[in-house]
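J.: Handing you this structure, nothing more for now.
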Amino acid sequence: MNRTVTRRRLSGATALAVFAAVVAATPARADCSQADYSLADTNYAGTQIARHEGVQGTPRTDPAGQTLGHDVSGHQGPVDWAAAAGAGAKFTYVKATEGTGFVNPQFGQQYDGAHAAGIIRGAYHFARPDVSGGAEQAEYFIANGGGWRADGTTLPGALDVEYNPYGDVCYGKNPADLTAWIADFTRTYLAKVKRSALIYTSTAWWKQCTGNTPRFGNTDPLWLARYGPDVGELPAGWEKQSIWQFARGGALPGDQNYYNGPIGRVQALAKG
(Lines give C-alpha, C1' and ligand atoms only; values in the text may rest on other atoms or scores of the structure.)
Protein backbone atom coordinates (compact mmCIF):
# COMPACT_ATOMS: atom_id res chain seq x y z
CA MET A 1 0.00 0.00 0.00
CA ASN A 2 2.76 2.44 0.93
CA ARG A 3 4.56 1.74 -2.29
CA THR A 4 1.40 2.38 -4.32
CA VAL A 5 0.72 5.69 -2.58
CA THR A 6 4.33 6.77 -3.02
CA ARG A 7 4.23 5.95 -6.72
CA ARG A 8 1.01 7.95 -7.14
CA ARG A 9 2.45 10.90 -5.30
CA LEU A 10 5.56 10.79 -7.42
CA SER A 11 3.48 10.58 -10.56
CA GLY A 12 1.44 13.62 -9.51
CA ALA A 13 4.57 15.58 -8.69
CA THR A 14 6.10 14.61 -12.01
CA ALA A 15 2.99 15.75 -13.88
CA LEU A 16 3.05 19.10 -12.11
CA ALA A 17 6.70 19.52 -12.92
CA VAL A 18 6.10 18.77 -16.59
CA PHE A 19 3.16 21.22 -16.69
CA ALA A 20 5.26 23.93 -15.06
CA ALA A 21 8.05 23.37 -17.56
CA VAL A 22 5.64 23.66 -20.48
CA VAL A 23 4.16 26.89 -19.12
CA ALA A 24 7.62 28.33 -18.55
CA ALA A 25 8.67 27.45 -22.08
CA THR A 26 5.57 28.98 -23.68
CA PRO A 27 6.12 32.62 -24.73
CA ALA A 28 3.89 35.05 -22.87
CA ARG A 29 1.16 36.60 -25.00
CA ALA A 30 0.42 40.29 -24.73
CA ASP A 31 -2.69 41.04 -22.72
CA CYS A 32 -4.47 43.42 -25.08
CA SER A 33 -6.98 44.26 -22.37
CA GLN A 34 -4.14 45.97 -20.50
CA ALA A 35 -2.98 48.06 -23.47
CA ASP A 36 -2.67 51.79 -22.90
CA TYR A 37 -5.31 53.79 -24.78
CA SER A 38 -5.08 56.89 -22.61
CA LEU A 39 -4.09 59.04 -25.61
CA ALA A 40 -6.46 57.50 -28.13
CA ASP A 41 -8.95 60.38 -27.96
CA THR A 42 -6.24 62.82 -29.03
CA ASN A 43 -4.24 60.63 -31.43
CA TYR A 44 -4.96 61.44 -35.05
CA ALA A 45 -3.24 61.24 -38.42
CA GLY A 46 -0.08 63.32 -38.14
CA THR A 47 -0.20 64.34 -34.50
CA GLN A 48 3.10 62.57 -33.85
CA ILE A 49 4.61 63.54 -37.20
CA ALA A 50 4.11 67.23 -36.44
CA ARG A 51 5.65 66.68 -33.00
CA HIS A 52 8.74 64.89 -34.30
CA GLU A 53 9.30 66.59 -37.67
CA GLY A 54 7.79 70.04 -37.26
CA VAL A 55 6.72 72.36 -40.06
CA GLN A 56 9.14 73.20 -42.87
CA GLY A 57 7.16 75.95 -44.57
CA THR A 58 3.81 76.85 -46.08
CA PRO A 59 2.53 75.00 -49.19
CA ARG A 60 1.23 76.90 -52.15
CA THR A 61 -2.53 77.29 -52.07
CA ASP A 62 -4.87 75.66 -54.56
CA PRO A 63 -2.20 74.00 -56.76
CA ALA A 64 -3.34 73.17 -60.28
CA GLY A 65 -4.70 69.68 -60.78
CA GLN A 66 -5.17 68.96 -57.06
CA THR A 67 -8.42 68.30 -55.16
CA LEU A 68 -8.89 69.76 -51.69
CA GLY A 69 -9.89 67.54 -48.80
CA HIS A 70 -9.24 67.02 -45.10
CA ASP A 71 -9.21 64.47 -42.29
CA VAL A 72 -10.83 64.54 -38.87
CA SER A 73 -11.00 62.50 -35.67
CA GLY A 74 -12.96 62.36 -32.44
CA HIS A 75 -11.04 65.06 -30.59
CA GLN A 76 -12.69 67.68 -32.83
CA GLY A 77 -16.18 66.70 -31.76
CA PRO A 78 -19.16 67.00 -34.12
CA VAL A 79 -18.21 68.52 -37.49
CA ASP A 80 -20.31 71.06 -39.38
CA TRP A 81 -20.27 69.19 -42.67
CA ALA A 82 -22.39 71.66 -44.60
CA ALA A 83 -19.84 74.35 -43.75
CA ALA A 84 -16.96 72.05 -44.75
CA ALA A 85 -18.58 71.38 -48.12
CA GLY A 86 -19.18 75.09 -48.55
CA ALA A 87 -15.49 75.75 -47.84
CA GLY A 88 -14.45 73.44 -50.66
CA ALA A 89 -14.08 69.97 -49.12
CA LYS A 90 -14.39 67.30 -51.80
CA PHE A 91 -13.19 64.30 -49.76
CA THR A 92 -12.40 63.44 -46.16
CA TYR A 93 -10.94 60.67 -44.03
CA VAL A 94 -12.32 59.98 -40.54
CA LYS A 95 -10.48 58.15 -37.77
CA ALA A 96 -12.44 55.00 -36.95
CA THR A 97 -10.26 52.92 -34.63
CA GLU A 98 -6.98 52.56 -32.79
CA GLY A 99 -5.35 49.22 -31.99
CA THR A 100 -8.02 46.75 -30.91
CA GLY A 101 -9.44 48.73 -28.01
CA PHE A 102 -10.67 52.13 -29.20
CA VAL A 103 -13.45 53.32 -31.50
CA ASN A 104 -13.87 57.01 -32.27
CA PRO A 105 -17.01 58.07 -30.35
CA GLN A 106 -17.73 60.71 -33.01
CA PHE A 107 -17.33 58.31 -35.91
CA GLY A 108 -21.02 58.05 -36.84
CA GLN A 109 -21.59 61.80 -36.89
CA GLN A 110 -18.41 62.43 -38.83
CA TYR A 111 -18.49 59.57 -41.33
CA ASP A 112 -22.24 59.64 -42.08
CA GLY A 113 -22.37 63.43 -41.85
CA ALA A 114 -19.74 63.81 -44.55
CA HIS A 115 -21.72 61.48 -46.81
CA ALA A 116 -24.93 63.42 -46.21
CA ALA A 117 -23.14 66.64 -47.20
CA GLY A 118 -22.03 65.13 -50.52
CA ILE A 119 -18.39 64.67 -49.50
CA ILE A 120 -16.61 61.47 -50.56
CA ARG A 121 -15.40 59.88 -47.34
CA GLY A 122 -13.24 57.05 -46.04
CA ALA A 123 -12.09 55.74 -42.66
CA TYR A 124 -8.61 55.29 -41.23
CA HIS A 125 -7.05 53.17 -38.49
CA PHE A 126 -4.37 54.41 -36.09
CA ALA A 127 -1.88 51.54 -36.00
CA ARG A 128 -0.70 50.10 -32.69
CA PRO A 129 1.83 47.38 -33.56
CA ASP A 130 2.72 47.21 -29.85
CA VAL A 131 -0.63 45.76 -28.73
CA SER A 132 -1.66 43.11 -31.28
CA GLY A 133 -1.03 41.70 -34.74
CA GLY A 134 -1.72 43.43 -38.02
CA ALA A 135 -4.41 40.98 -39.11
CA GLU A 136 -6.26 41.36 -35.81
CA GLN A 137 -6.24 45.15 -36.14
CA ALA A 138 -7.41 45.02 -39.75
CA GLU A 139 -10.38 42.89 -38.70
CA TYR A 140 -11.17 45.23 -35.80
CA PHE A 141 -11.01 48.22 -38.16
CA ILE A 142 -13.33 46.59 -40.69
CA ALA A 143 -15.79 45.61 -37.95
CA ASN A 144 -15.95 49.18 -36.67
CA GLY A 145 -16.47 51.28 -39.78
CA GLY A 146 -13.35 50.67 -41.84
CA GLY A 147 -14.87 48.65 -44.63
CA TRP A 148 -15.71 49.73 -48.17
CA ARG A 149 -18.76 49.53 -50.41
CA ALA A 150 -19.10 50.16 -54.11
CA ASP A 151 -21.43 53.14 -53.85
CA GLY A 152 -19.07 55.63 -55.51
CA THR A 153 -18.82 57.75 -52.37
CA THR A 154 -16.73 55.52 -50.07
CA LEU A 155 -12.93 55.51 -50.20
CA PRO A 156 -10.97 52.39 -49.24
CA GLY A 157 -9.66 52.33 -45.69
CA ALA A 158 -6.29 53.78 -44.71
CA LEU A 159 -3.65 52.54 -42.27
CA ASP A 160 -2.04 55.36 -40.28
CA VAL A 161 1.49 54.24 -39.30
CA GLU A 162 3.57 56.91 -37.59
CA TYR A 163 5.61 57.64 -34.48
CA ASN A 164 4.37 55.77 -31.40
CA PRO A 165 2.73 58.22 -28.97
CA TYR A 166 3.14 55.78 -26.06
CA GLY A 167 6.86 54.97 -26.16
CA ASP A 168 9.54 53.80 -28.58
CA VAL A 169 8.87 55.50 -31.92
CA CYS A 170 8.99 52.19 -33.80
CA TYR A 171 6.81 50.35 -31.29
CA GLY A 172 9.74 48.26 -30.07
CA LYS A 173 10.04 46.48 -33.43
CA ASN A 174 12.92 46.18 -35.84
CA PRO A 175 12.38 47.14 -39.51
CA ALA A 176 11.76 43.56 -40.68
CA ASP A 177 9.16 42.88 -37.99
CA LEU A 178 7.40 46.20 -38.48
CA THR A 179 7.30 45.67 -42.25
CA ALA A 180 5.81 42.23 -41.64
CA TRP A 181 3.19 43.77 -39.33
CA ILE A 182 2.14 46.30 -42.00
CA ALA A 183 1.99 43.50 -44.58
CA ASP A 184 -0.18 41.44 -42.23
CA PHE A 185 -2.63 44.34 -41.92
CA THR A 186 -2.78 45.24 -45.62
CA ARG A 187 -2.99 41.61 -46.75
CA THR A 188 -5.90 40.96 -44.38
CA TYR A 189 -7.69 44.15 -45.42
CA LEU A 190 -7.39 43.24 -49.10
CA ALA A 191 -8.63 39.69 -48.48
CA LYS A 192 -11.65 40.85 -46.47
CA VAL A 193 -12.66 44.02 -48.32
CA LYS A 194 -11.30 43.32 -51.83
CA ARG A 195 -9.61 46.73 -51.92
CA SER A 196 -6.05 47.74 -51.13
CA ALA A 197 -5.72 49.98 -48.10
CA LEU A 198 -3.95 53.32 -48.37
CA ILE A 199 -0.85 53.72 -46.22
CA TYR A 200 -0.49 57.00 -44.35
CA THR A 201 3.03 57.83 -43.15
CA SER A 202 5.95 60.24 -43.41
CA THR A 203 9.16 59.59 -45.30
CA ALA A 204 11.34 60.13 -42.22
CA TRP A 205 9.38 57.67 -40.08
CA TRP A 206 9.24 55.14 -42.92
CA LYS A 207 13.00 55.26 -43.30
CA GLN A 208 13.65 54.96 -39.59
CA CYS A 209 11.15 52.26 -38.72
CA THR A 210 10.79 50.10 -41.85
CA GLY A 211 14.30 50.57 -43.22
CA ASN A 212 12.68 52.39 -46.16
CA THR A 213 11.18 49.20 -47.55
CA PRO A 214 9.83 49.48 -51.14
CA ARG A 215 7.47 46.55 -50.53
CA PHE A 216 4.14 48.42 -50.72
CA GLY A 217 4.73 50.86 -53.56
CA ASN A 218 2.98 48.72 -56.18
CA THR A 219 0.06 47.60 -54.03
CA ASP A 220 -1.08 50.31 -51.60
CA PRO A 221 -1.67 53.98 -52.48
CA LEU A 222 0.43 56.45 -50.49
CA TRP A 223 -1.05 59.12 -48.21
CA LEU A 224 1.98 61.22 -47.33
CA ALA A 225 2.33 63.63 -44.41
CA ARG A 226 4.70 66.55 -44.88
CA TYR A 227 4.13 70.07 -43.66
CA GLY A 228 6.17 72.12 -46.08
CA PRO A 229 6.01 73.98 -49.39
CA ASP A 230 6.10 70.77 -51.45
CA VAL A 231 5.76 67.01 -51.14
CA GLY A 232 9.49 66.41 -51.00
CA GLU A 233 11.10 62.97 -51.01
CA LEU A 234 8.75 59.99 -51.07
CA PRO A 235 9.28 56.71 -49.23
CA ALA A 236 10.91 53.96 -51.28
CA GLY A 237 8.67 52.08 -53.70
CA TRP A 238 6.24 54.90 -54.47
CA GLU A 239 6.66 57.06 -57.56
CA LYS A 240 3.89 59.45 -56.50
CA GLN A 241 1.57 60.13 -53.61
CA SER A 242 -2.19 59.73 -53.92
CA ILE A 243 -2.87 62.16 -51.07
CA TRP A 244 -0.65 64.80 -49.49
CA GLN A 245 -1.47 65.96 -45.97
CA PHE A 246 0.13 69.38 -46.21
CA ALA A 247 -1.04 71.34 -43.14
CA ARG A 248 -2.31 70.85 -39.62
CA GLY A 249 -5.10 73.37 -40.04
CA GLY A 250 -6.74 75.67 -42.56
CA ALA A 251 -10.09 76.43 -44.14
CA LEU A 252 -11.43 72.93 -43.45
CA PRO A 253 -11.90 71.13 -40.12
CA GLY A 254 -8.86 69.11 -39.05
CA ASP A 255 -5.83 68.48 -41.25
CA GLN A 256 -5.65 69.79 -44.81
CA ASN A 257 -5.04 67.44 -47.76
CA TYR A 258 -4.67 67.51 -51.51
CA TYR A 259 -5.60 64.55 -53.66
CA ASN A 260 -3.07 64.22 -56.46
CA GLY A 261 -5.46 64.76 -59.34
CA PRO A 262 -8.87 66.23 -60.25
CA ILE A 263 -12.09 65.21 -58.54
CA GLY A 264 -12.59 62.51 -61.15
CA ARG A 265 -9.57 60.67 -59.76
CA VAL A 266 -11.04 60.77 -56.25
CA GLN A 267 -14.29 59.39 -57.61
CA ALA A 268 -12.39 56.65 -59.44
CA LEU A 269 -10.66 55.59 -56.23
CA ALA A 270 -14.04 55.45 -54.49
CA LYS A 271 -15.57 53.37 -57.28
CA GLY A 272 -12.69 50.91 -57.28
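Order determines the names: the first chain of the C-alpha coordinates is A, the second B, and so forth; residues in each chain are numbered 1 upward, and ligands are numbered 1 upward as they are shown.
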Give the helix (DSSP H, G or I) residues of region 49-208 of chain A, as DSSP finds them on the backbone, and put them as a ChimeraX atom specification.

T.: /A:49-53,74-76,81-86,107-116,134-146,175-193,203-208

J.: List every residue of region 14-237 of chain A that DSSP, applied to the backbone of this structure, places in strand (DSSP E or B), and write the result as a PDB file with N, CA, C and O atoms, in the first residue's frame.

T.:
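The resulting file, states32.pdb, is shown below:
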```
ATOM      1  N   THR A  67      -7.070  68.219 -55.731  1.00  0.00           N
ATOM      2  CA  THR A  67      -8.418  68.301 -55.161  1.00  0.00           C
ATOM      3  C   THR A  67      -8.315  68.445 -53.648  1.00  0.00           C
ATOM      4  O   THR A  67      -7.650  67.646 -52.989  1.00  0.00           O
ATOM      5  N   LEU A  68      -8.981  69.446 -53.117  1.00  0.00           N
ATOM      6  CA  LEU A  68      -8.886  69.760 -51.694  1.00  0.00           C
ATOM      7  C   LEU A  68      -9.754  68.824 -50.847  1.00  0.00           C
ATOM      8  O   LEU A  68     -10.909  68.555 -51.165  1.00  0.00           O
ATOM      9  N   GLY A  69      -9.165  68.359 -49.758  1.00  0.00           N
ATOM     10  CA  GLY A  69      -9.889  67.536 -48.796  1.00  0.00           C
ATOM     11  C   GLY A  69      -9.302  67.719 -47.409  1.00  0.00           C
ATOM     12  O   GLY A  69      -8.461  68.593 -47.191  1.00  0.00           O
ATOM     13  N   HIS A  70      -9.729  66.892 -46.480  1.00  0.00           N
ATOM     14  CA  HIS A  70      -9.241  67.025 -45.104  1.00  0.00           C
ATOM     15  C   HIS A  70      -9.426  65.699 -44.375  1.00  0.00           C
ATOM     16  O   HIS A  70      -9.981  64.746 -44.912  1.00  0.00           O
ATOM     17  N   ASP A  71      -8.951  65.637 -43.127  1.00  0.00           N
ATOM     18  CA  ASP A  71      -9.209  64.471 -42.286  1.00  0.00           C
ATOM     19  C   ASP A  71      -9.515  64.933 -40.878  1.00  0.00           C
ATOM     20  O   ASP A  71      -9.009  65.957 -40.413  1.00  0.00           O
ATOM     21  N   VAL A  72     -10.370  64.167 -40.199  1.00  0.00           N
ATOM     22  CA  VAL A  72     -10.831  64.537 -38.868  1.00  0.00           C
ATOM     23  C   VAL A  72     -10.802  63.317 -37.954  1.00  0.00           C
ATOM     24  O   VAL A  72     -10.690  62.175 -38.415  1.00  0.00           O
ATOM     25  N   PHE A  91     -13.341  65.633 -50.354  1.00  0.00           N
ATOM     26  CA  PHE A  91     -13.186  64.303 -49.763  1.00  0.00           C
ATOM     27  C   PHE A  91     -12.690  64.456 -48.332  1.00  0.00           C
ATOM     28  O   PHE A  91     -12.151  65.508 -47.955  1.00  0.00           O
ATOM     29  N   THR A  92     -12.886  63.414 -47.534  1.00  0.00           N
ATOM     30  CA  THR A  92     -12.396  63.441 -46.161  1.00  0.00           C
ATOM     31  C   THR A  92     -12.091  62.028 -45.688  1.00  0.00           C
ATOM     32  O   THR A  92     -12.668  61.053 -46.192  1.00  0.00           O
ATOM     33  N   TYR A  93     -11.177  61.920 -44.745  1.00  0.00           N
ATOM     34  CA  TYR A  93     -10.937  60.670 -44.027  1.00  0.00           C
ATOM     35  C   TYR A  93     -11.235  60.897 -42.559  1.00  0.00           C
ATOM     36  O   TYR A  93     -10.904  61.943 -41.996  1.00  0.00           O
ATOM     37  N   VAL A  94     -11.886  59.904 -41.937  1.00  0.00           N
ATOM     38  CA  VAL A  94     -12.316  59.983 -40.543  1.00  0.00           C
ATOM     39  C   VAL A  94     -11.648  58.861 -39.753  1.00  0.00           C
ATOM     40  O   VAL A  94     -11.685  57.695 -40.174  1.00  0.00           O
ATOM     41  N   LYS A  95     -11.049  59.191 -38.622  1.00  0.00           N
ATOM     42  CA  LYS A  95     -10.482  58.148 -37.766  1.00  0.00           C
ATOM     43  C   LYS A  95     -11.607  57.260 -37.255  1.00  0.00           C
ATOM     44  O   LYS A  95     -12.593  57.748 -36.699  1.00  0.00           O
ATOM     45  N   ALA A  96     -11.439  55.950 -37.436  1.00  0.00           N
ATOM     46  CA  ALA A  96     -12.436  54.995 -36.951  1.00  0.00           C
ATOM     47  C   ALA A  96     -11.960  54.304 -35.677  1.00  0.00           C
ATOM     48  O   ALA A  96     -12.698  54.237 -34.692  1.00  0.00           O
ATOM     49  N   THR A  97     -10.718  53.803 -35.702  1.00  0.00           N
ATOM     50  CA  THR A  97     -10.260  52.924 -34.632  1.00  0.00           C
ATOM     51  C   THR A  97      -8.792  53.146 -34.315  1.00  0.00           C
ATOM     52  O   THR A  97      -8.044  53.744 -35.100  1.00  0.00           O
ATOM     53  N   GLU A  98      -8.394  52.613 -33.174  1.00  0.00           N
ATOM     54  CA  GLU A  98      -6.985  52.564 -32.785  1.00  0.00           C
ATOM     55  C   GLU A  98      -6.734  51.219 -32.127  1.00  0.00           C
ATOM     56  O   GLU A  98      -7.484  50.810 -31.224  1.00  0.00           O
ATOM     57  N   PHE A 102     -10.113  50.776 -29.174  1.00  0.00           N
ATOM     58  CA  PHE A 102     -10.669  52.133 -29.196  1.00  0.00           C
ATOM     59  C   PHE A 102     -11.420  52.371 -30.491  1.00  0.00           C
ATOM     60  O   PHE A 102     -10.911  52.114 -31.583  1.00  0.00           O
ATOM     61  N   VAL A 103     -12.628  52.888 -30.358  1.00  0.00           N
ATOM     62  CA  VAL A 103     -13.450  53.318 -31.498  1.00  0.00           C
ATOM     63  C   VAL A 103     -13.770  54.793 -31.297  1.00  0.00           C
ATOM     64  O   VAL A 103     -14.181  55.211 -30.204  1.00  0.00           O
ATOM     65  N   ILE A 120     -17.108  62.846 -50.474  1.00  0.00           N
ATOM     66  CA  ILE A 120     -16.610  61.474 -50.558  1.00  0.00           C
ATOM     67  C   ILE A 120     -15.786  61.192 -49.314  1.00  0.00           C
ATOM     68  O   ILE A 120     -14.878  61.955 -48.979  1.00  0.00           O
ATOM     69  N   ARG A 121     -16.083  60.102 -48.607  1.00  0.00           N
ATOM     70  CA  ARG A 121     -15.399  59.876 -47.340  1.00  0.00           C
ATOM     71  C   ARG A 121     -14.844  58.454 -47.220  1.00  0.00           C
ATOM     72  O   ARG A 121     -15.286  57.512 -47.877  1.00  0.00           O
ATOM     73  N   GLY A 122     -13.834  58.340 -46.364  1.00  0.00           N
ATOM     74  CA  GLY A 122     -13.244  57.053 -46.038  1.00  0.00           C
ATOM     75  C   GLY A 122     -12.881  57.045 -44.569  1.00  0.00           C
ATOM     76  O   GLY A 122     -12.951  58.068 -43.886  1.00  0.00           O
ATOM     77  N   ALA A 123     -12.462  55.896 -44.069  1.00  0.00           N
ATOM     78  CA  ALA A 123     -12.090  55.745 -42.664  1.00  0.00           C
ATOM     79  C   ALA A 123     -10.618  55.359 -42.570  1.00  0.00           C
ATOM     80  O   ALA A 123     -10.059  54.750 -43.479  1.00  0.00           O
ATOM     81  N   TYR A 124      -9.992  55.725 -41.443  1.00  0.00           N
ATOM     82  CA  TYR A 124      -8.606  55.294 -41.226  1.00  0.00           C
ATOM     83  C   TYR A 124      -8.428  54.697 -39.841  1.00  0.00           C
ATOM     84  O   TYR A 124      -9.206  54.956 -38.917  1.00  0.00           O
ATOM     85  N   HIS A 125      -7.384  53.883 -39.724  1.00  0.00           N
ATOM     86  CA  HIS A 125      -7.055  53.167 -38.490  1.00  0.00           C
ATOM     87  C   HIS A 125      -5.705  53.639 -37.976  1.00  0.00           C
ATOM     88  O   HIS A 125      -4.730  53.656 -38.729  1.00  0.00           O
ATOM     89  N   PHE A 126      -5.636  54.019 -36.711  1.00  0.00           N
ATOM     90  CA  PHE A 126      -4.370  54.410 -36.087  1.00  0.00           C
ATOM     91  C   PHE A 126      -3.672  53.139 -35.604  1.00  0.00           C
ATOM     92  O   PHE A 126      -4.132  52.476 -34.685  1.00  0.00           O
ATOM     93  N   THR A 154     -17.501  56.059 -51.192  1.00  0.00           N
ATOM     94  CA  THR A 154     -16.726  55.525 -50.072  1.00  0.00           C
ATOM     95  C   THR A 154     -15.311  55.185 -50.528  1.00  0.00           C
ATOM     96  O   THR A 154     -15.123  54.376 -51.446  1.00  0.00           O
ATOM     97  N   ALA A 158      -7.697  53.377 -44.764  1.00  0.00           N
ATOM     98  CA  ALA A 158      -6.291  53.777 -44.712  1.00  0.00           C
ATOM     99  C   ALA A 158      -5.676  53.332 -43.384  1.00  0.00           C
ATOM    100  O   ALA A 158      -6.330  53.360 -42.342  1.00  0.00           O
ATOM    101  N   LEU A 159      -4.420  52.922 -43.447  1.00  0.00           N
ATOM    102  CA  LEU A 159      -3.645  52.539 -42.271  1.00  0.00           C
ATOM    103  C   LEU A 159      -2.699  53.676 -41.919  1.00  0.00           C
ATOM    104  O   LEU A 159      -1.810  54.018 -42.707  1.00  0.00           O
ATOM    105  N   ASP A 160      -2.888  54.269 -40.769  1.00  0.00           N
ATOM    106  CA  ASP A 160      -2.035  55.357 -40.277  1.00  0.00           C
ATOM    107  C   ASP A 160      -0.904  54.751 -39.457  1.00  0.00           C
ATOM    108  O   ASP A 160      -1.110  54.291 -38.331  1.00  0.00           O
ATOM    109  N   LEU A 198      -4.972  52.286 -48.253  1.00  0.00           N
ATOM    110  CA  LEU A 198      -3.947  53.318 -48.369  1.00  0.00           C
ATOM    111  C   LEU A 198      -3.011  53.201 -47.167  1.00  0.00           C
ATOM    112  O   LEU A 198      -3.413  52.715 -46.094  1.00  0.00           O
ATOM    113  N   ILE A 199      -1.785  53.640 -47.334  1.00  0.00           N
ATOM    114  CA  ILE A 199      -0.847  53.716 -46.220  1.00  0.00           C
ATOM    115  C   ILE A 199      -0.514  55.176 -45.980  1.00  0.00           C
ATOM    116  O   ILE A 199      -0.036  55.877 -46.869  1.00  0.00           O
ATOM    117  N   TYR A 200      -0.804  55.636 -44.767  1.00  0.00           N
ATOM    118  CA  TYR A 200      -0.494  56.999 -44.345  1.00  0.00           C
ATOM    119  C   TYR A 200       0.789  56.959 -43.523  1.00  0.00           C
ATOM    120  O   TYR A 200       0.905  56.192 -42.557  1.00  0.00           O
ATOM    121  N   THR A 201       1.760  57.796 -43.885  1.00  0.00           N
ATOM    122  CA  THR A 201       3.028  57.825 -43.155  1.00  0.00           C
ATOM    123  C   THR A 201       3.817  59.062 -43.566  1.00  0.00           C
ATOM    124  O   THR A 201       3.368  59.850 -44.397  1.00  0.00           O
ATOM    125  N   LEU A 222      -0.270  55.713 -51.537  1.00  0.00           N
ATOM    126  CA  LEU A 222       0.426  56.453 -50.486  1.00  0.00           C
ATOM    127  C   LEU A 222      -0.333  57.716 -50.107  1.00  0.00           C
ATOM    128  O   LEU A 222      -0.687  58.524 -50.954  1.00  0.00           O
ATOM    129  N   TRP A 223      -0.535  57.874 -48.808  1.00  0.00           N
ATOM    130  CA  TRP A 223      -1.046  59.121 -48.215  1.00  0.00           C
ATOM    131  C   TRP A 223       0.111  59.680 -47.403  1.00  0.00           C
ATOM    132  O   TRP A 223       0.442  59.170 -46.345  1.00  0.00           O
ATOM    133  N   LEU A 224       0.747  60.704 -47.913  1.00  0.00           N
ATOM    134  CA  LEU A 224       1.984  61.224 -47.325  1.00  0.00           C
ATOM    135  C   LEU A 224       1.733  62.447 -46.456  1.00  0.00           C
ATOM    136  O   LEU A 224       1.003  63.356 -46.839  1.00  0.00           O
ATOM    137  N   ALA A 225       2.373  62.460 -45.294  1.00  0.00           N
ATOM    138  CA  ALA A 225       2.327  63.625 -44.408  1.00  0.00           C
ATOM    139  C   ALA A 225       3.642  64.392 -44.519  1.00  0.00           C
ATOM    140  O   ALA A 225       4.715  63.835 -44.292  1.00  0.00           O
TER     141      ALA A 225
END
```

J.: Between A:His52, A:His115, A:Arg215, A:Arg265, single out the one closest to Ser202 (chain A), counting only C-alpha atoms.

T.: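 Closest residue, counting only C-alpha atoms: A:His52.
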
J.: Within 7 Å of Gln106 (chain A), counting only C-alpha atoms, which residues show up once you throw out same-chain ones fewer than 4 positions away? Write them as a list of chain:residue names, please.

T.: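 Selected residues are A:Gly74, A:Gly77, A:Pro78, A:Gln110.
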
J.: With distances taken over only C-alpha atoms, which of A:Ser38, A:Asn104, A:Gln256, A:Asn43 is nearest to Gly88 (chain A)?

T.: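 Looking only at the distances to Gly88 (chain A), the closest residue turns out to be A:Gln256.
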